[in-house]
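Raw contents of structure-v9.pdb, PDB, C-alpha atoms:
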```pdb
ATOM      1  CA  MET A   1    -170.732-107.147 159.910  1.00  0.00           C
ATOM      2  CA  THR A   2    -171.602-104.972 156.902  1.00  0.00           C
ATOM      3  CA  GLN A   3    -170.055-101.528 157.024  1.00  0.00           C
ATOM      4  CA  ARG A   4    -172.681 -98.805 157.354  1.00  0.00           C
ATOM      5  CA  ILE A   5    -172.450 -96.221 154.564  1.00  0.00           C
ATOM      6  CA  GLU A   6    -173.904 -92.728 154.499  1.00  0.00           C
ATOM      7  CA  ALA A   7    -175.636 -91.456 151.364  1.00  0.00           C
ATOM      8  CA  PRO A   8    -174.434 -88.193 149.785  1.00  0.00           C
ATOM      9  CA  THR A   9    -175.869 -85.059 151.355  1.00  0.00           C
ATOM     10  CA  LYS A  10    -178.091 -82.559 149.534  1.00  0.00           C
ATOM     11  CA  ILE A  11    -175.164 -80.146 149.380  1.00  0.00           C
ATOM     12  CA  GLU A  12    -172.868 -82.785 147.884  1.00  0.00           C
ATOM     13  CA  ILE A  13    -175.495 -83.783 145.314  1.00  0.00           C
ATOM     14  CA  ALA A  14    -176.096 -80.155 144.307  1.00  0.00           C
ATOM     15  CA  LEU A  15    -172.470 -79.866 143.156  1.00  0.00           C
ATOM     16  CA  LEU A  16    -172.741 -82.746 140.668  1.00  0.00           C
ATOM     17  CA  GLU A  17    -173.356 -82.563 136.928  1.00  0.00           C
ATOM     18  CA  PRO A  18    -177.003 -83.131 135.865  1.00  0.00           C
ATOM     19  CA  PHE A  19    -178.308 -86.603 135.074  1.00  0.00           C
ATOM     20  CA  ALA A  20    -179.325 -86.930 131.427  1.00  0.00           C
ATOM     21  CA  GLY A  21    -182.805 -88.408 131.387  1.00  0.00           C
ATOM     22  CA  LEU A  22    -185.120 -89.346 128.562  1.00  0.00           C
ATOM     23  CA  PRO A  23    -186.159 -86.535 126.195  1.00  0.00           C
ATOM     24  CA  LEU A  24    -189.758 -86.017 125.092  1.00  0.00           C
ATOM     25  CA  ASP A  25    -189.271 -87.888 121.824  1.00  0.00           C
ATOM     26  CA  ARG A  26    -188.613 -91.086 123.813  1.00  0.00           C
ATOM     27  CA  ILE A  27    -191.689 -90.702 126.015  1.00  0.00           C
ATOM     28  CA  VAL A  28    -194.938 -92.264 124.806  1.00  0.00           C
ATOM     29  CA  VAL A  29    -198.439 -91.462 126.088  1.00  0.00           C
ATOM     30  CA  PRO A  30    -200.664 -94.180 124.587  1.00  0.00           C
ATOM     31  CA  SER A  31    -204.290 -93.133 124.146  1.00  0.00           C
ATOM     32  CA  THR A  32    -205.966 -95.445 121.619  1.00  0.00           C
ATOM     33  CA  GLY A  33    -206.543 -99.137 122.141  1.00  0.00           C
ATOM     34  CA  THR A  34    -203.903 -99.979 119.548  1.00  0.00           C
ATOM     35  CA  GLU A  35    -201.327 -97.658 121.125  1.00  0.00           C
ATOM     36  CA  ILE A  36    -202.020 -99.063 124.581  1.00  0.00           C
ATOM     37  CA  ASN A  37    -201.685-102.666 123.368  1.00  0.00           C
ATOM     38  CA  ASP A  38    -198.475-101.853 121.489  1.00  0.00           C
ATOM     39  CA  ALA A  39    -197.005-100.176 124.588  1.00  0.00           C
ATOM     40  CA  ALA A  40    -197.916-103.121 126.803  1.00  0.00           C
ATOM     41  CA  ALA A  41    -196.473-105.573 124.271  1.00  0.00           C
ATOM     42  CA  ASP A  42    -193.163-103.691 124.167  1.00  0.00           C
ATOM     43  CA  LEU A  43    -192.927-103.570 127.963  1.00  0.00           C
ATOM     44  CA  ALA A  44    -193.798-107.267 128.218  1.00  0.00           C
ATOM     45  CA  THR A  45    -190.611-108.149 126.310  1.00  0.00           C
ATOM     46  CA  ALA A  46    -188.432-106.637 129.062  1.00  0.00           C
ATOM     47  CA  ARG A  47    -187.397-108.560 132.188  1.00  0.00           C
ATOM     48  CA  PHE A  48    -186.911-105.326 134.177  1.00  0.00           C
ATOM     49  CA  VAL A  49    -188.784-102.040 133.780  1.00  0.00           C
ATOM     50  CA  GLY A  50    -188.607 -98.851 135.798  1.00  0.00           C
ATOM     51  CA  PHE A  51    -191.889 -98.193 137.587  1.00  0.00           C
ATOM     52  CA  ASP A  52    -193.607 -95.389 139.471  1.00  0.00           C
ATOM     53  CA  THR A  53    -196.986 -93.701 139.879  1.00  0.00           C
ATOM     54  CA  GLU A  54    -198.211 -90.133 140.236  1.00  0.00           C
ATOM     55  CA  SER A  55    -201.315 -88.842 142.014  1.00  0.00           C
ATOM     56  CA  LYS A  56    -203.064 -85.506 142.139  1.00  0.00           C
ATOM     57  CA  PRO A  57    -202.226 -84.114 145.601  1.00  0.00           C
ATOM     58  CA  VAL A  58    -204.874 -83.595 148.256  1.00  0.00           C
ATOM     59  CA  PHE A  59    -204.703 -80.509 150.420  1.00  0.00           C
ATOM     60  CA  ALA A  60    -207.940 -80.496 152.452  1.00  0.00           C
ATOM     61  CA  LYS A  61    -207.897 -82.142 155.864  1.00  0.00           C
ATOM     62  CA  GLY A  62    -209.580 -85.544 155.732  1.00  0.00           C
ATOM     63  CA  GLU A  63    -209.630 -85.644 151.932  1.00  0.00           C
ATOM     64  CA  VAL A  64    -208.679 -89.037 150.515  1.00  0.00           C
ATOM     65  CA  SER A  65    -206.772 -89.359 147.270  1.00  0.00           C
ATOM     66  CA  ASP A  66    -208.461 -91.271 144.455  1.00  0.00           C
ATOM     67  CA  GLY A  67    -205.080 -91.824 142.825  1.00  0.00           C
ATOM     68  CA  PRO A  68    -202.892 -92.914 141.358  1.00  0.00           C
ATOM     69  CA  HIS A  69    -203.810 -91.037 138.212  1.00  0.00           C
ATOM     70  CA  VAL A  70    -200.699 -91.944 136.233  1.00  0.00           C
ATOM     71  CA  VAL A  71    -198.678 -95.156 136.053  1.00  0.00           C
ATOM     72  CA  GLN A  72    -195.345 -94.994 134.270  1.00  0.00           C
ATOM     73  CA  PHE A  73    -193.037 -97.756 133.086  1.00  0.00           C
ATOM     74  CA  SER A  74    -189.667 -97.395 131.397  1.00  0.00           C
ATOM     75  CA  THR A  75    -187.142 -99.553 129.621  1.00  0.00           C
ATOM     76  CA  LEU A  76    -183.648 -98.275 128.868  1.00  0.00           C
ATOM     77  CA  GLU A  77    -184.933 -97.044 125.509  1.00  0.00           C
ATOM     78  CA  ARG A  78    -188.283 -95.376 126.173  1.00  0.00           C
ATOM     79  CA  ALA A  79    -190.916 -94.615 128.784  1.00  0.00           C
ATOM     80  CA  TYR A  80    -194.663 -95.129 128.641  1.00  0.00           C
ATOM     81  CA  ILE A  81    -197.066 -92.907 130.571  1.00  0.00           C
ATOM     82  CA  PHE A  82    -200.476 -94.502 131.183  1.00  0.00           C
ATOM     83  CA  GLN A  83    -203.217 -92.085 132.275  1.00  0.00           C
ATOM     84  CA  LEU A  84    -205.768 -93.972 134.329  1.00  0.00           C
ATOM     85  CA  HIS A  85    -208.652 -91.674 133.432  1.00  0.00           C
ATOM     86  CA  ARG A  86    -208.632 -93.768 130.222  1.00  0.00           C
ATOM     87  CA  PRO A  87    -210.514 -96.999 131.031  1.00  0.00           C
ATOM     88  CA  GLU A  88    -208.727 -98.657 128.106  1.00  0.00           C
ATOM     89  CA  CYS A  89    -205.462 -98.447 130.079  1.00  0.00           C
ATOM     90  CA  HIS A  90    -206.704-100.378 133.093  1.00  0.00           C
ATOM     91  CA  GLU A  91    -206.517-103.893 131.676  1.00  0.00           C
ATOM     92  CA  ALA A  92    -203.060-103.404 130.114  1.00  0.00           C
ATOM     93  CA  VAL A  93    -201.587-101.767 133.225  1.00  0.00           C
ATOM     94  CA  GLY A  94    -203.187-104.372 135.485  1.00  0.00           C
ATOM     95  CA  ALA A  95    -201.697-107.208 133.433  1.00  0.00           C
ATOM     96  CA  LEU A  96    -198.211-105.673 133.606  1.00  0.00           C
ATOM     97  CA  LEU A  97    -198.502-105.156 137.354  1.00  0.00           C
ATOM     98  CA  ALA A  98    -199.665-108.731 137.936  1.00  0.00           C
ATOM     99  CA  SER A  99    -197.028-110.285 135.683  1.00  0.00           C
ATOM    100  CA  ILE A 100    -194.145-112.143 137.340  1.00  0.00           C
ATOM    101  CA  ALA A 101    -192.289-112.161 134.029  1.00  0.00           C
ATOM    102  CA  VAL A 102    -191.797-108.368 134.133  1.00  0.00           C
ATOM    103  CA  VAL A 103    -190.032-107.062 137.253  1.00  0.00           C
ATOM    104  CA  LYS A 104    -191.164-103.577 138.279  1.00  0.00           C
ATOM    105  CA  VAL A 105    -188.206-101.575 139.642  1.00  0.00           C
ATOM    106  CA  GLY A 106    -188.401 -98.370 141.656  1.00  0.00           C
ATOM    107  CA  PHE A 107    -187.755 -96.543 144.921  1.00  0.00           C
ATOM    108  CA  GLY A 108    -190.045 -96.438 147.976  1.00  0.00           C
ATOM    109  CA  LEU A 109    -192.794 -98.440 146.294  1.00  0.00           C
ATOM    110  CA  ARG A 110    -194.885 -99.314 149.339  1.00  0.00           C
ATOM    111  CA  SER A 111    -197.459 -96.547 148.820  1.00  0.00           C
ATOM    112  CA  ASP A 112    -197.802 -97.533 145.158  1.00  0.00           C
ATOM    113  CA  GLN A 113    -198.425-101.143 146.151  1.00  0.00           C
ATOM    114  CA  ASP A 114    -201.073-100.022 148.655  1.00  0.00           C
ATOM    115  CA  GLN A 115    -202.945 -97.693 146.276  1.00  0.00           C
ATOM    116  CA  LEU A 116    -203.004 -99.747 143.084  1.00  0.00           C
ATOM    117  CA  PRO A 117    -205.221-102.596 144.342  1.00  0.00           C
ATOM    118  CA  ARG A 118    -207.883-100.014 145.266  1.00  0.00           C
ATOM    119  CA  LYS A 119    -207.611 -98.342 141.880  1.00  0.00           C
ATOM    120  CA  LEU A 120    -207.225-101.331 139.563  1.00  0.00           C
ATOM    121  CA  GLY A 121    -208.115-104.353 141.677  1.00  0.00           C
ATOM    122  CA  VAL A 122    -204.627-105.779 141.100  1.00  0.00           C
ATOM    123  CA  HIS A 123    -201.841-106.461 143.580  1.00  0.00           C
ATOM    124  CA  PRO A 124    -198.436-105.708 141.989  1.00  0.00           C
ATOM    125  CA  ARG A 125    -196.183-108.751 141.769  1.00  0.00           C
ATOM    126  CA  ALA A 126    -192.505-109.147 140.861  1.00  0.00           C
ATOM    127  CA  VAL A 127    -191.574-105.814 142.449  1.00  0.00           C
ATOM    128  CA  LEU A 128    -188.019-104.702 143.225  1.00  0.00           C
ATOM    129  CA  ASP A 129    -187.613-101.767 145.596  1.00  0.00           C
ATOM    130  CA  LEU A 130    -184.071-100.500 145.108  1.00  0.00           C
ATOM    131  CA  ASN A 131    -184.018 -99.237 148.699  1.00  0.00           C
ATOM    132  CA  ALA A 132    -183.642-102.883 149.744  1.00  0.00           C
ATOM    133  CA  VAL A 133    -180.722-103.354 147.339  1.00  0.00           C
ATOM    134  CA  PHE A 134    -178.837-100.372 148.761  1.00  0.00           C
ATOM    135  CA  ARG A 135    -179.549-101.495 152.343  1.00  0.00           C
ATOM    136  CA  ARG A 136    -177.941-104.839 151.536  1.00  0.00           C
ATOM    137  CA  HIS A 137    -174.876-102.917 150.407  1.00  0.00           C
ATOM    138  CA  GLY A 138    -174.558-101.074 153.703  1.00  0.00           C
ATOM    139  CA  TYR A 139    -176.491 -97.824 153.328  1.00  0.00           C
ATOM    140  CA  ARG A 140    -177.993 -96.881 156.666  1.00  0.00           C
ATOM    141  CA  LYS A 141    -181.057 -94.944 155.532  1.00  0.00           C
ATOM    142  CA  ALA A 142    -183.562 -95.279 152.702  1.00  0.00           C
ATOM    143  CA  ILE A 143    -182.000 -94.327 149.397  1.00  0.00           C
ATOM    144  CA  GLY A 144    -184.224 -92.378 147.030  1.00  0.00           C
ATOM    145  CA  VAL A 145    -183.675 -91.779 143.362  1.00  0.00           C
ATOM    146  CA  LYS A 146    -181.615 -88.612 143.950  1.00  0.00           C
ATOM    147  CA  ALA A 147    -179.115 -90.322 146.248  1.00  0.00           C
ATOM    148  CA  ALA A 148    -178.950 -93.446 144.097  1.00  0.00           C
ATOM    149  CA  VAL A 149    -178.144 -91.481 140.933  1.00  0.00           C
ATOM    150  CA  ALA A 150    -175.482 -89.565 142.869  1.00  0.00           C
ATOM    151  CA  VAL A 151    -173.923 -92.784 144.207  1.00  0.00           C
ATOM    152  CA  VAL A 152    -174.010 -94.766 140.964  1.00  0.00           C
ATOM    153  CA  PHE A 153    -173.430 -92.091 138.317  1.00  0.00           C
ATOM    154  CA  LYS A 154    -171.932 -89.190 140.296  1.00  0.00           C
ATOM    155  CA  GLN A 155    -174.702 -87.065 138.806  1.00  0.00           C
ATOM    156  CA  LYS A 156    -177.553 -84.899 140.074  1.00  0.00           C
ATOM    157  CA  PHE A 157    -181.109 -86.102 139.492  1.00  0.00           C
ATOM    158  CA  GLN A 158    -183.335 -83.053 139.473  1.00  0.00           C
ATOM    159  CA  LYS A 159    -186.827 -83.342 140.959  1.00  0.00           C
ATOM    160  CA  SER A 160    -189.129 -80.347 141.029  1.00  0.00           C
ATOM    161  CA  ARG A 161    -191.486 -80.058 143.993  1.00  0.00           C
ATOM    162  CA  ARG A 162    -193.712 -77.988 141.716  1.00  0.00           C
ATOM    163  CA  MET A 163    -194.056 -80.998 139.434  1.00  0.00           C
ATOM    164  CA  THR A 164    -194.490 -83.434 142.338  1.00  0.00           C
ATOM    165  CA  THR A 165    -197.504 -81.476 143.544  1.00  0.00           C
ATOM    166  CA  SER A 166    -198.936 -80.653 140.114  1.00  0.00           C
ATOM    167  CA  ASN A 167    -202.312 -81.875 138.873  1.00  0.00           C
ATOM    168  CA  TRP A 168    -201.695 -85.417 137.688  1.00  0.00           C
ATOM    169  CA  ALA A 169    -205.396 -85.899 136.941  1.00  0.00           C
ATOM    170  CA  ARG A 170    -205.212 -83.495 133.968  1.00  0.00           C
ATOM    171  CA  ARG A 171    -206.722 -84.877 130.775  1.00  0.00           C
ATOM    172  CA  GLU A 172    -203.599 -83.784 128.911  1.00  0.00           C
ATOM    173  CA  LEU A 173    -200.349 -83.706 130.836  1.00  0.00           C
ATOM    174  CA  MET A 174    -197.879 -80.883 130.299  1.00  0.00           C
ATOM    175  CA  PRO A 175    -194.494 -81.653 128.680  1.00  0.00           C
ATOM    176  CA  ASN A 176    -192.622 -81.018 131.942  1.00  0.00           C
ATOM    177  CA  GLN A 177    -194.966 -83.430 133.741  1.00  0.00           C
ATOM    178  CA  LEU A 178    -194.228 -86.100 131.139  1.00  0.00           C
ATOM    179  CA  ILE A 179    -190.468 -85.630 131.511  1.00  0.00           C
ATOM    180  CA  TYR A 180    -190.747 -85.724 135.311  1.00  0.00           C
ATOM    181  CA  ALA A 181    -192.861 -88.900 135.379  1.00  0.00           C
ATOM    182  CA  ALA A 182    -190.879 -90.720 132.704  1.00  0.00           C
ATOM    183  CA  ASN A 183    -187.519 -90.073 134.291  1.00  0.00           C
ATOM    184  CA  ASP A 184    -188.602 -91.222 137.736  1.00  0.00           C
ATOM    185  CA  ALA A 185    -189.126 -94.635 136.148  1.00  0.00           C
ATOM    186  CA  TYR A 186    -186.192 -94.421 133.739  1.00  0.00           C
ATOM    187  CA  ALA A 187    -183.687 -93.514 136.472  1.00  0.00           C
ATOM    188  CA  ALA A 188    -184.680 -96.605 138.459  1.00  0.00           C
ATOM    189  CA  VAL A 189    -184.053 -99.057 135.627  1.00  0.00           C
ATOM    190  CA  LYS A 190    -180.893 -97.172 134.645  1.00  0.00           C
ATOM    191  CA  VAL A 191    -179.512 -97.492 138.199  1.00  0.00           C
ATOM    192  CA  LEU A 192    -180.310-101.205 138.297  1.00  0.00           C
ATOM    193  CA  ASP A 193    -178.610-101.745 134.943  1.00  0.00           C
ATOM    194  CA  ALA A 194    -175.473 -99.943 136.140  1.00  0.00           C
ATOM    195  CA  LEU A 195    -175.260-102.034 139.324  1.00  0.00           C
ATOM    196  CA  ARG A 196    -174.678-105.158 137.193  1.00  0.00           C
ATOM    197  CA  LEU A 197    -176.053-107.535 139.824  1.00  0.00           C
ATOM    198  CA  SER A 198    -177.152-111.075 139.084  1.00  0.00           C
ATOM    199  CA  GLU A 199    -180.860-111.688 139.458  1.00  0.00           C
ATOM    200  CA  ASP A 200    -180.328-113.985 142.441  1.00  0.00           C
ATOM    201  CA  GLU A 201    -178.853-111.026 144.341  1.00  0.00           C
ATOM    202  CA  LEU A 202    -182.049-109.013 143.952  1.00  0.00           C
ATOM    203  CA  PRO A 203    -184.821-109.080 146.591  1.00  0.00           C
ATOM    204  CA  ILE A 204    -187.676-109.377 144.096  1.00  0.00           C
ATOM    205  CA  THR A 205    -191.154-110.233 145.383  1.00  0.00           C
ATOM    206  CA  ASP A 206    -193.037-113.159 143.798  1.00  0.00           C
ATOM    207  CA  VAL A 207    -190.269-113.861 141.318  1.00  0.00           C
ATOM    208  CA  ALA A 208    -190.141-117.090 139.344  1.00  0.00           C
ATOM    209  CA  ARG A 209    -186.758-118.736 139.914  1.00  0.00           C
ATOM    210  CA  SER A 210    -185.103-121.226 137.649  1.00  0.00           C
ATOM    211  CA  GLU A 211    -184.898-124.865 138.788  1.00  0.00           C
ATOM    212  CA  GLY A 212    -182.599-125.194 141.774  1.00  0.00           C
ATOM    213  CA  GLY A 213    -183.151-121.561 142.818  1.00  0.00           C
ATOM    214  CA  SER A 214    -180.260-120.111 140.872  1.00  0.00           C
ATOM    215  CA  SER A 215    -179.784-117.932 137.852  1.00  0.00           C
ATOM    216  CA  ALA A 216    -176.520-117.719 135.985  1.00  0.00           C
ATOM    217  CA  SER A 217    -177.393-114.669 133.937  1.00  0.00           C
ATOM    218  CA  ALA A 218    -176.840-111.124 135.101  1.00  0.00           C
ATOM    219  CA  ALA A 219    -179.735-108.710 135.419  1.00  0.00           C
ATOM    220  CA  HIS A 220    -179.645-106.592 132.283  1.00  0.00           C
ATOM    221  CA  PRO A 221    -182.776-104.422 132.415  1.00  0.00           C
ATOM    222  CA  GLY A 222    -184.568-103.543 129.248  1.00  0.00           C
ATOM    223  CA  HIS A 223    -183.067-106.348 127.168  1.00  0.00           C
TER     224      HIS A 223
END
```

Hey, can you dump this file as structure tokens for me?
Amino acid sequence: MTQRIEAPTKIEIALLEPFAGLPLDRIVVPSTGTEINDAAADLATARFVGFDTESKPVFAKGEVSDGPHVVQFSTLERAYIFQLHRPECHEAVGALLASIAVVKVGFGLRSDQDQLPRKLGVHPRAVLDLNAVFRRHGYRKAIGVKAAVAVVFKQKFQKSRRMTTSNWARRELMPNQLIYAANDAYAAVKVLDALRLSEDELPITDVARSEGGSSASAAHPGH
């Protein structure tokens, strides 16, 4: 029987050194058709990319979100922030989401998988929720990005509630919004890379397996 492990507490995490995320100069917000195609082409070369979405919050009772408004992907080198108010982004983002060649890695991805088909008409495939990986290793409760960074790197991942609830439908996102969104995705792929698990150990949805159902290579995200 797998030993049940407790995640670090908020107090324990607060004492750790900060996690060094991506700086602004490694965060790309493609806006033209060429920039969007170049971003998608770069991401398509990676087997694993960090993935998350952001939506403008709703506060009125009964109001339904029309999000997500932002979809972010990250390799180990750079992050791309796609703003869905740009129709030019929809085809590129939809193709990445539907691809089984690019595994989308994140935490607590169920809501993202529910919202994206309504927004883009695409069901995400080849998705890896890192919560499932940590459960397999004995963690009793869902592990979010903060706990995972604390476990794997002994560092503190800082998430601002002010940024979480900021207006993600803005035509031009603020620098601190870009850093927040990019590093949600970057931290996921960074954690996966550090775990050094083989691909066959990963509970990926809709993944194409090699003949015989095995893979000899380790999962090295972003390469």

_Could you list, as a count of residues only, every residue matched by the PyMOL selection byres ((chain A and resi 70-75) around 10) in this structure?_
60

*Would you kindly translate the PyMOL selection byres ((chain A and resi 6) around 6) into the concrete residues it picks from this file, as an MDAnalysis selection string?*
chainID A and resid 5 7 139

Export of prior selection with C-alpha atoms as an mmCIF file, in the frame of the given file:
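See out.cif below for the written result:
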```cif
data_model
loop_
_atom_site.group_PDB
_atom_site.id
_atom_site.type_symbol
_atom_site.label_atom_id
_atom_site.label_comp_id
_atom_site.auth_asym_id
_atom_site.auth_seq_id
_atom_site.Cartn_x
_atom_site.Cartn_y
_atom_site.Cartn_z
ATOM 1 C CA ILE A 5 -172.450 -96.221 154.564
ATOM 2 C CA ALA A 7 -175.636 -91.456 151.364
ATOM 3 C CA TYR A 139 -176.491 -97.824 153.328
#
```

*Distance query Gly121 (chain A) at most 12 Å, only C-alpha atoms, self and fewer than 3 positions along chain excluded, as a PyMOL selection string*: chain A and resi 90-91+93-95+97-98+113-118+124

*Find the residue from A:Asp200, A:Asp66, A:Glu35, A:Arg140 that sits nearest to Leu120 (chain A); use all atoms listed in the file when measuring.*
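Comparing A:Asp200, A:Asp66, A:Glu35, A:Arg140 against Leu120 (chain A), the winner is A:Asp66.
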
*asked:* Applying 12 Å and only C-alpha atoms, which residues near Phe157 (chain A) remain after dropping the ones on its own chain fewer than 2 positions away? List them as a PyMOL selection string.
replied: chain A and resi 10+13-21+144-155+159-160+180+183-184+186-188+191

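As for CA of Ala142 (chain A) and CA of Ala44 (chain A), they are spaced 29.1 Å apart.
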
*Can you list what the PyMOL selection byres ((chain A and resi 108) around 8) grabs from this structure, as a list of chain:residue names?*
A:Gly106, A:Phe107, A:Leu109, A:Arg110, A:Ser111, A:Asp129, A:Leu130, A:Asn131, A:Gly144

*asked:* I'd like the interatomic distance between CA of Thr32 (chain A) and CA of Pro87 (chain A), to a tenth of an Å.
replied: 10.6 Å

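All residues of protein, DNA or RNA that reach within 8 Å of Leu202 (chain A), judged by all atoms listed in the file and not counting those fewer than 5 positions away in the chain, are Leu128, Val133 and Leu197 of chain A.
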
_Which residue is closest to Ala92 (chain A)? Choose from A:Ile179, A:Ile36, A:Met174, A:Leu195 and count all atoms listed in the file._
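Looking only at the distances to Ala92 (chain A), the closest residue turns out to be A:Ile36.
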
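If you measure from each of A:Lys119, A:Phe134, A:Ile100, A:Ile11 to Leu192 (chain A) using only C-alpha atoms, the closest one turns out to be A:Phe134.
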
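Counting from CA of Ile204 (chain A), the distance to CA of His123 (chain A) is 14.5 Å.
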
*Could you check which of A:Val102, A:Arg135, A:Glu201, A:Glu172 is closest to Ala41 (chain A), using all atoms listed in the file?*
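Closest to Ala41 (chain A), using all atoms listed in the file: A:Val102.
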